[in-house]
>>> print(open('work.cif').read())   # mmCIF, C-alpha atoms
data_upload
#
loop_
_atom_site.label_atom_id
_atom_site.label_comp_id
_atom_site.auth_asym_id
_atom_site.auth_seq_id
_atom_site.Cartn_x
_atom_site.Cartn_y
_atom_site.Cartn_z
CA MET A 4 55.45 -25.55 -9.92
CA MET A 5 54.48 -24.98 -6.30
CA ARG A 6 54.28 -21.22 -6.85
CA ARG A 7 52.00 -21.73 -9.82
CA ALA A 8 49.77 -24.10 -7.86
CA VAL A 9 49.49 -21.57 -5.07
CA ALA A 10 48.64 -18.79 -7.51
CA LEU A 11 45.93 -20.88 -9.12
CA LEU A 12 44.48 -21.80 -5.75
CA ILE A 13 44.40 -18.14 -4.77
CA ALA A 14 42.40 -17.51 -7.91
CA GLY A 15 39.94 -20.26 -7.01
CA VAL A 16 41.10 -22.48 -9.85
CA SER A 17 42.07 -26.05 -9.13
CA VAL A 18 45.04 -27.36 -11.06
CA ALA A 19 43.24 -30.68 -11.51
CA GLY A 20 40.28 -28.88 -13.02
CA ALA A 21 42.28 -26.95 -15.55
CA GLN A 22 41.04 -27.59 -19.05
CA LYS A 23 43.15 -29.15 -21.76
CA ARG A 24 44.70 -26.69 -24.14
CA SER A 25 42.68 -27.93 -27.07
CA ALA A 26 39.45 -27.16 -25.22
CA CYS A 27 40.29 -23.53 -24.72
CA ALA A 28 42.41 -22.44 -27.65
CA THR A 29 39.32 -20.93 -29.28
CA PRO A 30 35.94 -19.97 -27.82
CA ASN A 31 33.22 -22.63 -27.94
CA PRO A 32 30.51 -21.11 -30.18
CA SER A 33 27.75 -22.44 -27.94
CA ALA A 34 29.23 -21.22 -24.64
CA ALA A 35 26.89 -18.84 -22.81
CA TRP A 36 29.44 -16.04 -22.65
CA VAL A 37 30.12 -16.33 -26.39
CA LEU A 38 26.41 -16.07 -27.19
CA VAL A 39 26.02 -13.01 -24.97
CA GLN A 40 29.13 -11.28 -26.32
CA ARG A 41 28.11 -12.09 -29.90
CA THR A 42 24.82 -10.33 -29.27
CA THR A 43 26.19 -7.37 -27.36
CA LEU A 44 29.35 -6.78 -29.42
CA SER A 45 27.73 -6.31 -32.80
CA GLU A 46 26.00 -3.27 -34.16
CA GLU A 47 24.59 -1.80 -37.31
CA ASP A 48 26.98 0.22 -39.42
CA GLY A 49 26.52 3.92 -38.74
CA ALA A 50 24.63 3.54 -35.45
CA TRP A 51 26.61 6.34 -33.81
CA LYS A 52 26.45 10.13 -33.81
CA ASN A 53 30.05 11.34 -34.07
CA ASP A 54 31.80 9.53 -36.89
CA SER A 55 34.80 11.86 -37.02
CA LEU A 56 35.64 11.29 -33.35
CA ARG A 57 35.09 7.57 -33.84
CA ARG A 58 37.58 7.51 -36.72
CA VAL A 59 40.17 9.36 -34.64
CA LEU A 60 39.76 6.89 -31.78
CA LEU A 61 39.91 3.82 -34.02
CA THR A 62 43.02 5.07 -35.79
CA ALA A 63 44.82 5.88 -32.54
CA ALA A 64 43.94 2.54 -30.97
CA LYS A 65 44.35 0.50 -34.18
CA VAL A 66 40.86 -0.94 -33.72
CA LYS A 67 38.64 -2.00 -36.61
CA GLY A 68 34.85 -1.79 -36.71
CA PRO A 69 31.94 -2.02 -36.79
CA ASN A 70 31.99 -5.23 -34.72
CA VAL A 71 34.65 -5.78 -32.08
CA PRO A 72 36.49 -9.00 -31.17
CA PHE A 73 35.39 -11.07 -28.16
CA GLN A 74 36.76 -10.03 -24.80
CA LEU A 75 38.51 -13.22 -23.71
CA GLY A 76 38.74 -12.14 -20.10
CA TRP A 77 42.48 -11.94 -19.62
CA GLU A 78 45.41 -9.68 -20.31
CA LEU A 79 49.02 -9.57 -19.25
CA GLN A 80 50.13 -7.18 -16.57
CA THR A 81 52.36 -5.02 -18.73
CA PRO A 82 53.99 -1.67 -18.02
CA VAL A 83 52.14 1.41 -19.26
CA ASP A 84 53.30 2.65 -22.68
CA THR A 85 54.08 6.30 -21.95
CA THR A 86 54.69 7.35 -25.56
CA PRO A 87 53.01 10.77 -26.02
CA ASP A 88 49.72 10.45 -27.90
CA ALA A 89 47.43 13.31 -28.91
CA THR A 90 44.28 11.17 -28.67
CA VAL A 91 45.18 10.03 -25.16
CA ASP A 92 45.73 13.68 -24.19
CA TYR A 93 42.37 14.60 -25.76
CA LEU A 94 40.58 11.92 -23.73
CA LYS A 95 42.34 13.02 -20.54
CA GLY A 96 41.17 16.56 -21.22
CA LEU A 97 37.61 15.35 -21.72
CA ALA A 98 37.74 13.36 -18.49
CA ALA A 99 38.99 16.38 -16.56
CA THR A 100 36.27 18.67 -17.89
CA ARG A 101 33.07 18.58 -15.86
CA GLY A 102 30.01 18.13 -18.05
CA SER A 103 32.00 17.07 -21.11
CA THR A 104 30.50 14.48 -23.43
CA TRP A 105 32.33 11.19 -23.01
CA PRO A 106 32.63 8.88 -26.05
CA THR A 107 29.93 6.32 -25.32
CA ARG A 108 28.34 3.72 -27.58
CA SER A 109 25.64 6.04 -28.90
CA LEU A 110 28.30 8.65 -29.71
CA VAL A 111 31.13 6.60 -31.24
CA GLY A 112 29.73 3.07 -31.54
CA LEU A 113 31.03 -0.14 -30.01
CA ALA A 114 34.37 -0.02 -31.83
CA GLY A 115 34.84 3.55 -30.59
CA VAL A 116 34.20 2.45 -27.00
CA ARG A 117 36.60 -0.48 -27.46
CA ALA A 118 39.17 2.01 -28.80
CA VAL A 119 38.83 4.09 -25.62
CA PHE A 120 39.41 0.90 -23.61
CA VAL A 121 42.59 0.20 -25.60
CA LEU A 122 43.83 3.79 -25.24
CA ALA A 123 43.14 3.73 -21.50
CA HIS A 124 45.96 1.20 -21.21
CA ARG A 125 48.45 3.88 -22.24
CA ASP A 126 47.98 6.22 -19.29
CA THR A 127 47.18 5.53 -15.65
CA THR A 128 45.23 8.78 -15.15
CA LEU A 129 43.17 8.06 -18.24
CA ALA A 130 42.59 4.47 -17.10
CA ARG A 131 41.05 5.66 -13.83
CA ALA A 132 38.98 8.37 -15.50
CA ALA A 133 37.79 6.12 -18.32
CA LEU A 134 36.74 3.43 -15.85
CA HIS A 135 34.68 5.95 -13.90
CA ARG A 136 33.05 7.31 -17.06
CA MET A 137 32.32 3.84 -18.43
CA MET A 138 30.65 2.74 -15.18
CA GLU A 139 28.69 5.96 -15.05
CA SER A 140 27.51 5.69 -18.65
CA GLY A 141 25.44 2.59 -17.91
CA LEU A 142 24.61 -0.77 -19.36
CA ASP A 143 23.66 0.31 -22.87
CA GLU A 144 26.58 2.66 -23.37
CA ALA A 145 29.55 0.64 -22.12
CA ILE A 146 31.09 -2.74 -22.97
CA LYS A 147 30.63 -4.68 -19.73
CA PRO A 148 33.51 -7.17 -20.18
CA ASP A 149 35.88 -4.30 -20.98
CA VAL A 150 34.75 -2.44 -17.84
CA ALA A 151 35.60 -5.52 -15.77
CA VAL A 152 39.05 -5.88 -17.31
CA LEU A 153 39.80 -2.18 -16.88
CA GLU A 154 38.62 -2.23 -13.26
CA ASP A 155 40.98 -5.09 -12.49
CA ARG A 156 43.84 -3.19 -14.09
CA VAL A 157 43.05 0.00 -12.15
CA ARG A 158 42.70 -1.88 -8.86
CA LEU A 159 46.11 -3.52 -9.26
CA MET A 160 47.63 -0.14 -10.14
CA SER A 161 46.19 1.17 -6.87
CA GLY A 162 47.64 -1.69 -4.83
CA ARG A 163 44.28 -3.43 -4.41
CA LYS A 164 43.38 -7.01 -5.37
CA GLN A 165 41.53 -7.57 -8.62
CA LEU A 166 37.88 -8.66 -8.75
CA TYR A 167 37.60 -10.69 -11.96
CA GLY A 168 41.00 -12.36 -12.26
CA THR A 169 41.62 -10.85 -15.68
CA GLN A 170 45.15 -9.62 -14.97
CA LEU A 171 47.65 -12.41 -15.46
CA VAL A 172 51.25 -12.64 -14.38
CA SER A 173 53.91 -15.12 -15.36
CA ILE A 174 54.98 -17.56 -12.68
CA ASP A 175 57.64 -20.12 -13.64
CA GLY A 176 56.76 -19.66 -17.29
CA ARG A 177 53.01 -20.14 -16.84
CA LEU A 178 50.34 -17.45 -16.72
CA ALA A 179 48.18 -17.19 -13.61
CA PRO A 180 45.90 -14.49 -12.16
CA ALA A 181 47.34 -11.92 -9.79
CA ALA A 182 45.68 -12.01 -6.34
CA ILE A 183 41.86 -11.87 -6.40
CA GLU A 184 39.59 -10.32 -3.77
CA ASP A 185 36.73 -12.62 -2.71
CA SER A 186 37.87 -15.38 -5.06
CA ALA A 187 34.91 -17.54 -3.98
CA HIS A 188 32.56 -15.46 -6.14
CA VAL A 189 34.91 -14.68 -9.01
CA ASP A 190 33.00 -16.70 -11.62
CA LEU A 191 29.68 -15.17 -10.53
CA ARG A 192 31.19 -11.74 -11.13
CA ARG A 193 32.64 -12.87 -14.46
CA GLU A 194 29.26 -14.21 -15.55
CA GLY A 195 27.68 -10.89 -14.60
CA ALA A 196 30.28 -9.11 -16.71
CA ASN A 197 29.71 -11.46 -19.69
CA LEU A 198 33.23 -12.87 -19.33
CA PRO A 199 34.26 -16.53 -19.73
CA PRO A 200 34.84 -18.61 -16.59
CA LEU A 201 38.23 -17.92 -15.03
CA ALA A 202 39.57 -21.42 -15.69
CA TRP A 203 38.81 -21.06 -19.39
CA SER A 204 40.52 -17.67 -19.64
CA VAL A 205 43.64 -18.88 -17.83
CA CYS A 206 43.74 -21.96 -20.04
CA ASN A 207 43.23 -19.82 -23.15
CA ALA A 208 46.07 -17.52 -22.12
CA ASN A 209 48.41 -20.44 -21.60
CA SER A 210 47.46 -22.03 -24.91
CA ARG A 211 48.99 -19.13 -26.85
CA MET B 3 23.61 24.30 14.21
CA LYS B 4 21.50 22.09 11.99
CA THR B 5 23.69 19.10 12.90
CA LEU B 6 23.31 19.88 16.59
CA CYS B 7 19.52 19.98 16.25
CA ILE B 8 19.54 16.62 14.44
CA ALA B 9 21.81 15.12 17.09
CA ALA B 10 19.61 16.47 19.87
CA ALA B 11 16.49 15.14 18.23
CA LEU B 12 17.98 11.70 17.67
CA SER B 13 19.38 11.50 21.18
CA LEU B 14 15.79 11.23 22.34
CA ALA B 15 15.50 7.96 20.49
CA ALA B 16 16.84 6.04 23.45
CA ALA B 17 13.77 4.03 24.36
CA PRO B 18 13.18 1.45 21.66
CA LEU B 19 10.19 -0.84 21.40
CA MET B 20 10.65 -4.51 20.61
CA ALA B 21 12.96 -5.02 17.62
CA GLN B 22 11.47 -6.90 14.66
CA THR B 23 14.00 -8.96 12.70
CA ILE B 24 12.61 -10.18 9.42
CA SER B 25 13.50 -13.83 8.96
CA VAL B 26 13.66 -15.78 5.71
CA ASP B 27 14.79 -19.00 7.42
CA LYS B 28 11.73 -20.96 6.31
CA GLU B 29 11.74 -19.74 2.74
CA ARG B 30 12.90 -21.86 -0.19
CA GLU B 31 16.29 -21.36 -1.77
CA GLY B 32 16.14 -20.15 -5.36
CA ARG B 33 12.64 -18.70 -4.96
CA GLU B 34 11.58 -15.09 -4.73
CA PRO B 35 11.46 -14.00 -1.08
CA LYS B 36 8.03 -13.73 0.56
CA ALA B 37 9.03 -11.60 3.53
CA PHE B 38 10.42 -9.00 1.10
CA VAL B 39 8.21 -8.27 -1.88
CA PRO B 40 10.37 -7.64 -4.99
CA MET B 41 9.03 -4.70 -7.00
CA VAL B 42 12.04 -4.11 -9.27
CA GLY B 43 14.94 -6.42 -10.11
CA HIS B 44 15.70 -10.08 -9.51
CA TRP B 45 15.60 -11.08 -5.83
CA VAL B 46 16.01 -14.65 -4.59
CA ILE B 47 16.54 -16.63 -1.42
CA ALA B 48 20.12 -17.93 -1.25
CA THR B 49 22.11 -19.86 1.35
CA ASP B 50 25.34 -18.49 2.74
CA GLU B 51 27.31 -20.72 5.13
CA GLY B 52 24.12 -22.59 6.03
CA LYS B 53 22.02 -19.47 6.63
CA LYS B 54 19.15 -18.33 4.41
CA VAL B 55 19.70 -14.82 3.07
CA VAL B 56 18.09 -12.53 0.50
CA MET B 57 20.14 -11.98 -2.64
CA VAL B 58 19.72 -9.35 -5.31
CA ASP B 59 21.13 -10.88 -8.48
CA GLY B 60 22.05 -8.21 -11.00
CA ARG B 61 23.50 -10.65 -13.54
CA THR B 62 20.22 -10.57 -15.40
CA TRP B 63 19.39 -6.93 -14.75
CA LYS B 64 18.07 -4.95 -17.67
CA ARG B 65 17.08 -1.32 -17.75
CA GLY B 66 13.49 -0.73 -16.72
CA GLN B 67 13.01 -4.26 -15.41
CA ALA B 68 10.09 -4.36 -12.99
CA ALA B 69 9.74 -7.61 -11.05
CA GLY B 70 7.19 -10.17 -12.21
CA GLY B 71 3.64 -9.75 -10.95
CA LEU B 72 4.20 -6.09 -10.11
CA ALA B 73 0.51 -5.18 -10.26
CA ASP B 74 -0.53 -7.94 -7.85
CA LYS B 75 2.29 -7.11 -5.47
CA ALA B 76 1.48 -3.40 -5.48
CA ARG B 77 -2.18 -4.16 -4.90
CA ASP B 78 -1.21 -6.41 -2.00
CA LEU B 79 0.84 -3.61 -0.41
CA TYR B 80 -1.34 -0.61 -1.18
CA GLY B 81 -4.80 -1.94 -1.94
CA ALA B 82 -6.96 0.10 -4.30
CA SER B 83 -4.53 3.02 -4.50
CA HIS B 84 -1.66 1.07 -6.07
CA GLU B 85 -1.74 2.38 -9.65
CA GLU B 86 0.32 5.51 -9.05
CA PHE B 87 2.95 3.34 -7.38
CA ILE B 88 3.12 1.06 -10.43
CA ASP B 89 3.36 3.98 -12.85
CA ASN B 90 6.23 5.51 -10.93
CA VAL B 91 8.13 2.26 -10.57
CA LYS B 92 7.74 1.40 -14.26
CA ALA B 93 8.73 4.88 -15.34
CA PHE B 94 12.07 4.65 -13.58
CA ALA B 95 12.76 1.02 -12.79
CA TYR B 96 16.46 1.59 -12.35
CA PHE B 97 16.82 0.55 -8.75
CA PRO B 98 15.97 -2.97 -7.59
CA ILE B 99 13.78 -2.73 -4.49
CA ALA B 100 12.08 -5.33 -2.27
CA VAL B 101 9.53 -4.12 0.28
CA ALA B 102 9.32 -5.63 3.79
CA ARG B 103 5.84 -7.17 3.78
CA ASP B 104 5.20 -7.08 7.51
CA VAL B 105 6.28 -3.53 8.28
CA PRO B 106 3.16 -1.49 7.49
CA ASN B 107 4.57 1.90 8.44
CA PHE B 108 7.93 2.95 9.88
CA THR B 109 8.27 6.39 11.47
CA ASP B 110 10.77 6.94 14.29
CA GLY B 111 13.39 4.39 15.30
CA SER B 112 16.11 2.42 13.57
CA ILE B 113 16.52 -0.01 10.68
CA THR B 114 19.62 -2.17 10.34
CA VAL B 115 20.69 -4.71 7.76
CA LYS B 116 23.82 -6.76 7.21
CA PHE B 117 25.03 -6.92 3.62
CA LYS B 118 27.71 -8.68 1.64
CA MET B 119 28.76 -7.39 -1.79
CA ILE B 120 29.36 -10.16 -4.30
CA GLY B 121 29.53 -8.42 -7.64
CA GLY B 122 28.21 -5.95 -10.17
CA THR B 123 30.14 -4.59 -13.13
CA LEU B 124 28.63 -1.12 -13.26
CA ASP B 125 27.30 -0.85 -9.70
CA ARG B 126 27.84 -2.52 -6.36
CA ALA B 127 25.37 -0.65 -4.21
CA PRO B 128 23.27 -2.35 -1.50
CA GLY B 129 21.17 -0.30 0.90
CA ILE B 130 18.09 0.33 3.02
CA MET B 131 14.98 1.93 1.53
CA PHE B 132 12.62 3.82 3.84
CA ASN B 133 9.87 6.44 3.66
CA LEU B 134 8.38 4.54 0.70
CA LYS B 135 5.15 6.26 -0.27
CA GLN B 136 2.09 5.07 -2.15
CA ASN B 137 3.19 7.09 -5.19
CA GLY B 138 6.54 5.24 -5.32
CA ASP B 139 8.68 8.03 -3.80
CA TRP B 140 11.36 6.80 -1.39
CA LEU B 141 14.52 7.60 0.53
CA ALA B 142 17.51 5.25 0.66
CA ILE B 143 20.83 5.07 2.42
CA ARG B 144 23.19 2.86 0.49
CA TYR B 145 26.83 1.87 0.40
CA ASN B 146 28.51 2.00 -3.01
CA GLY B 147 31.44 -0.35 -3.48
CA THR B 148 32.56 1.39 -6.68
CA GLU B 149 32.82 4.73 -4.85
CA ASP B 150 33.53 3.47 -1.31
CA ASN B 151 30.90 5.79 0.18
CA LEU B 152 27.63 5.86 2.11
CA VAL B 153 25.05 8.24 0.64
CA LEU B 154 21.46 9.31 1.33
CA TRP B 155 19.42 9.50 -1.89
CA LYS B 156 15.89 10.66 -2.55
CA PHE B 157 13.52 9.48 -5.27
CA VAL B 158 10.72 11.97 -5.79
CA ASN B 159 8.28 12.23 -8.70
CA GLY B 160 10.24 9.74 -10.78
CA ALA B 161 13.63 11.40 -10.36
CA ARG B 162 16.48 10.33 -8.08
CA SER B 163 18.83 12.89 -6.60
CA PHE B 164 21.58 13.13 -4.08
CA VAL B 165 20.80 14.39 -0.54
CA LYS B 166 23.85 13.83 1.66
CA ARG B 167 27.18 12.05 1.31
CA GLY B 168 28.91 10.27 4.19
CA SER B 169 31.56 12.26 6.01
CA LYS B 170 34.34 10.00 4.73
CA ASN B 171 34.98 7.20 2.26
CA VAL B 172 35.28 3.67 3.62
CA PRO B 173 36.60 0.94 1.29
CA LEU B 174 35.02 -2.45 2.04
CA GLU B 175 36.16 -5.84 0.78
CA MET B 176 33.89 -7.90 -1.42
CA GLY B 177 32.58 -11.10 0.12
CA THR B 178 32.61 -9.78 3.69
CA TRP B 179 29.66 -8.86 5.92
CA HIS B 180 29.00 -5.25 6.91
CA GLU B 181 26.10 -3.33 8.45
CA ILE B 182 24.11 -0.25 7.46
CA LYS B 183 21.90 1.43 10.05
CA VAL B 184 19.34 4.18 9.50
CA VAL B 185 18.04 6.11 12.53
CA THR B 186 15.13 8.52 12.19
CA LYS B 187 13.20 10.84 14.47
CA GLY B 188 10.72 13.26 12.99
CA THR B 189 12.51 14.74 10.00
CA ALA B 190 16.00 13.89 11.28
CA ILE B 191 17.98 11.09 9.60
CA GLN B 192 21.25 9.43 10.58
CA GLY B 193 23.20 6.87 8.57
CA TYR B 194 25.76 4.47 10.04
CA LEU B 195 28.22 2.08 8.42
CA ASP B 196 29.56 -0.68 10.65
CA GLY B 197 28.50 1.32 13.70
CA GLU B 198 30.16 4.57 12.64
CA LEU B 199 27.94 7.64 12.17
CA LEU B 200 28.66 9.00 8.67
CA ILE B 201 25.48 10.85 7.65
CA GLU B 202 23.37 13.41 9.49
CA SER B 203 20.59 15.02 7.51
CA ALA B 204 16.97 16.11 7.64
CA TRP B 205 14.01 15.50 5.36
CA THR B 206 11.25 17.96 4.49
CA ASP B 207 8.54 15.99 6.33
CA PRO B 208 8.54 13.54 9.21
CA ILE B 209 9.62 10.08 8.05
CA SER B 210 6.67 7.77 7.48
CA GLY B 211 6.26 4.89 5.06
CA LYS B 212 7.17 1.36 4.15
CA VAL B 213 10.75 0.07 4.26
CA GLY B 214 12.81 -2.54 2.48
CA LEU B 215 15.95 -3.56 0.66
CA TRP B 216 17.49 -1.40 -2.06
CA ALA B 217 20.11 -1.89 -4.74
CA LYS B 218 21.28 -0.31 -7.97
CA THR B 219 21.21 -1.75 -11.52
CA ASP B 220 23.47 -4.83 -11.77
CA THR B 221 24.47 -5.07 -8.10
CA MET B 222 24.93 -8.58 -6.72
CA ALA B 223 24.65 -8.60 -2.93
CA GLU B 224 23.31 -10.64 -0.04
CA PHE B 225 21.26 -9.25 2.86
CA THR B 226 20.44 -10.67 6.27
CA ASP B 227 19.22 -9.67 9.75
CA PHE B 228 17.01 -6.82 8.49
CA THR B 229 15.81 -5.40 11.81
CA VAL B 230 13.29 -2.64 12.45
CA THR B 231 13.21 -1.10 15.92
CA PRO B 232 10.47 1.49 16.39
CA GLU B 233 11.00 4.19 18.97
CA LYS B 234 8.77 4.13 22.01
CA LYS B 235 6.45 7.13 21.98
CA PRO B 236 6.51 9.24 25.17
#
>>> encode(input="work.cif", output="structure tokens")
Amino acid sequence: MMRRAVALLIAGVSVAGAQKRSACATPNPSAAWVLVQRTTLSEEDGAWKNDSLRRVLLTAAKVKGPNVPFQLGWELQTPVDTTPDATVDYLKGLAATRGSTWPTRSLVGLAGVRAVFVLAHRDTTLARAALHRMMESGLDEAIKPDVAVLEDRVRLMSGRKQLYGTQLVSIDGRLAPAAIEDSAHVDLRREGANLPPLAWSVCNANSR
Amino acid sequence: MKTLCIAAALSLAAAPLMAQTISVDKEREGREPKAFVPMVGHWVIATDEGKKVVMVDGRTWKRGQAAGGLADKARDLYGASHEEFIDNVKAFAYFPIAVARDVPNFTDGSITVKFKMIGGTLDRAPGIMFNLKQNGDWLAIRYNGTEDNLVLWKFVNGARSFVKRGSKNVPLEMGTWHEIKVVTKGTAIQGYLDGELLIESAWTDPISGKVGLWAKTDTMAEFTDFTVTPEKKP
């Protein structure tokens, strides 16, 4: 219990302020982050240039389109799945080739970009490269909440603290964020990334 | 050889005039700063540990977002010849900038600012803008928290391009104060991070123009103690 309390305090979350499970089991439709994600995570069918690449990415990542699910702002710190995957290798090759065209929103649509995010979890080299490419591609071409989650994952892999508190670890059977850099501003950063407040995400994770 | 010449030129800059630190102490929290005129992006006065600071808030940043009242602000800074400035800023409003109102023209000397990175999903890049011309061209030395480097950039005729990267990468923690310093003499430019010289370069013409705060896209950062110290002319 003490370890969990310490972890939550590190993350800037007070135990007393934690929301009840019922309040965070599903997103509140009128929450600001839900409204923003609803707007930014929907697109017209066919609003992308390379449908064949998109289909390859979606199949490999088991992602459906055209719209993508909300980014709830948390994931478990799990080991990398090192099973060989041709699509992962293809993306790594793209990332290593200067001047190559990276699969952005205008090329493969939102679901295609989400698929890249999912595939990036299968390889540490790809995770780093994909993060760099996503940041570089800009506001209209990337999924901001996914960029935040991937950056946290990459930072922890590199031995640095996370910035958004999206990477959760189990402490005494409860999920809590791994150490956060500058935890005082974590919810400002999450708001900027269109993520839910940290307390909501931690509560949501523990309600499952 | 070029580096030696720059070093020799800058070593002459040892006789500063009175330093001018731009204060926002009397400005109102939550309002746009008056001492720094926002031309692009969302800039506000914030309070950090009891001290008034200038904050660029990239949470609401959108591509091509010029600050409100751009025409009036440009006219205030450049009088009748402000239209080219507006056209250039609107054409490539990718970098939030706020111009120091009371520094009419900076040539030789130094500019320092303390900054604290708070956030930014795609960019975390606070910096110093200088050599700002009436047509909207500028130079900037900025730190980038996503790349851990200090870089000199130029913005000429609506296009930004890289000039010189710092000699080494320096990771900085979010939520902590650091300092960028720009030193110029003639065409020579030096860039410092936390007192360490990382950039030595030269521009095509002697540095001359307005100065201010600089950021990139959705950067969230605080700035304080923006100080301009002109060099004493012999």
>>> interface_residues(input="work.cif", of="chain B", to="chain A", cutoff="10 Å", atoms="only C-alpha atoms", output="ChimeraX atom specification")
/B:59-65,119-125,148-149,175-178,219-222
>>> resolve_selection(input="work.cif", expression="the PyMOL selection byres ((chain B and resi 29-41) around 9)", output="PyMOL selection string")
chain B and resi 24-28+42-49+54-56+68-72+75-76+79+88+91+95+98-104+214-215
>>> resolve_selection(input="work.cif", expression="the PyMOL selection byres ((chain B and resi 165) around 6)", output="list in words")
Leu154, Trp155, Phe164 and Lys166 of chain B
>>> axis_aligned_box(input="work.cif", around="range 48-53 of chain B", padding_each_side="3 Å", output="lines of an AutoDock Vina configuration file")
center_x = 23.7
center_y = -20.3
center_z = 2.7
size_x = 13.2
size_y = 10.7
size_z = 13.9
>>> residues_near_point(input="work.cif", point="(40.0, 15.4, -25.5)", cutoff="12 Å", atoms="only C-alpha atoms", output="VMD selection string")
chain A and resid 56 59 to 60 88 to 100 103 to 106 119 129 133
>>> resolve_selection(input="work.cif", expression="the PyMOL selection byres ((chain B and resi 212) around 9)", output="PyMOL selection string")
chain B and resi 101-103+105-109+131-136+140+210-211+213-214
>>> build_atoms(input="work.cif", residues="range 24-35 of chain B", atoms="N, CA and C atoms", output="mmCIF file, in the coordinates of the input")
data_model
loop_
_atom_site.group_PDB
_atom_site.id
_atom_site.type_symbol
_atom_site.label_atom_id
_atom_site.label_comp_id
_atom_site.auth_asym_id
_atom_site.auth_seq_id
_atom_site.Cartn_x
_atom_site.Cartn_y
_atom_site.Cartn_z
ATOM 1 N N ILE B 24 13.370 -9.471 10.448
ATOM 2 C CA ILE B 24 12.610 -10.180 9.420
ATOM 3 C C ILE B 24 13.386 -11.408 8.967
ATOM 4 N N SER B 25 12.816 -12.568 9.244
ATOM 5 C CA SER B 25 13.500 -13.830 8.960
ATOM 6 C C SER B 25 13.052 -14.418 7.620
ATOM 7 N N VAL B 26 14.006 -15.029 6.922
ATOM 8 C CA VAL B 26 13.660 -15.780 5.710
ATOM 9 C C VAL B 26 14.081 -17.242 5.868
ATOM 10 N N ASP B 27 14.281 -17.654 7.128
ATOM 11 C CA ASP B 27 14.790 -19.000 7.420
ATOM 12 C C ASP B 27 13.942 -20.107 6.817
ATOM 13 N N LYS B 28 12.624 -19.883 6.778
ATOM 14 C CA LYS B 28 11.730 -20.960 6.310
ATOM 15 C C LYS B 28 11.387 -20.836 4.832
ATOM 16 N N GLU B 29 12.030 -19.908 4.166
ATOM 17 C CA GLU B 29 11.740 -19.740 2.740
ATOM 18 C C GLU B 29 12.621 -20.677 1.905
ATOM 19 N N ARG B 30 12.214 -20.888 0.655
ATOM 20 C CA ARG B 30 12.900 -21.860 -0.190
ATOM 21 C C ARG B 30 13.989 -21.218 -1.037
ATOM 22 N N GLU B 31 15.166 -21.858 -1.005
ATOM 23 C CA GLU B 31 16.290 -21.360 -1.770
ATOM 24 C C GLU B 31 15.958 -21.328 -3.271
ATOM 25 N N GLY B 32 16.367 -20.267 -3.916
ATOM 26 C CA GLY B 32 16.140 -20.150 -5.360
ATOM 27 C C GLY B 32 14.823 -19.487 -5.717
ATOM 28 N N ARG B 33 13.931 -19.345 -4.723
ATOM 29 C CA ARG B 33 12.640 -18.700 -4.960
ATOM 30 C C ARG B 33 12.698 -17.217 -4.623
ATOM 31 N N GLU B 34 11.728 -16.480 -5.138
ATOM 32 C CA GLU B 34 11.580 -15.090 -4.730
ATOM 33 C C GLU B 34 11.243 -15.032 -3.241
ATOM 34 N N PRO B 35 11.801 -14.070 -2.500
ATOM 35 C CA PRO B 35 11.460 -14.000 -1.080
ATOM 36 C C PRO B 35 9.985 -13.612 -0.876
#
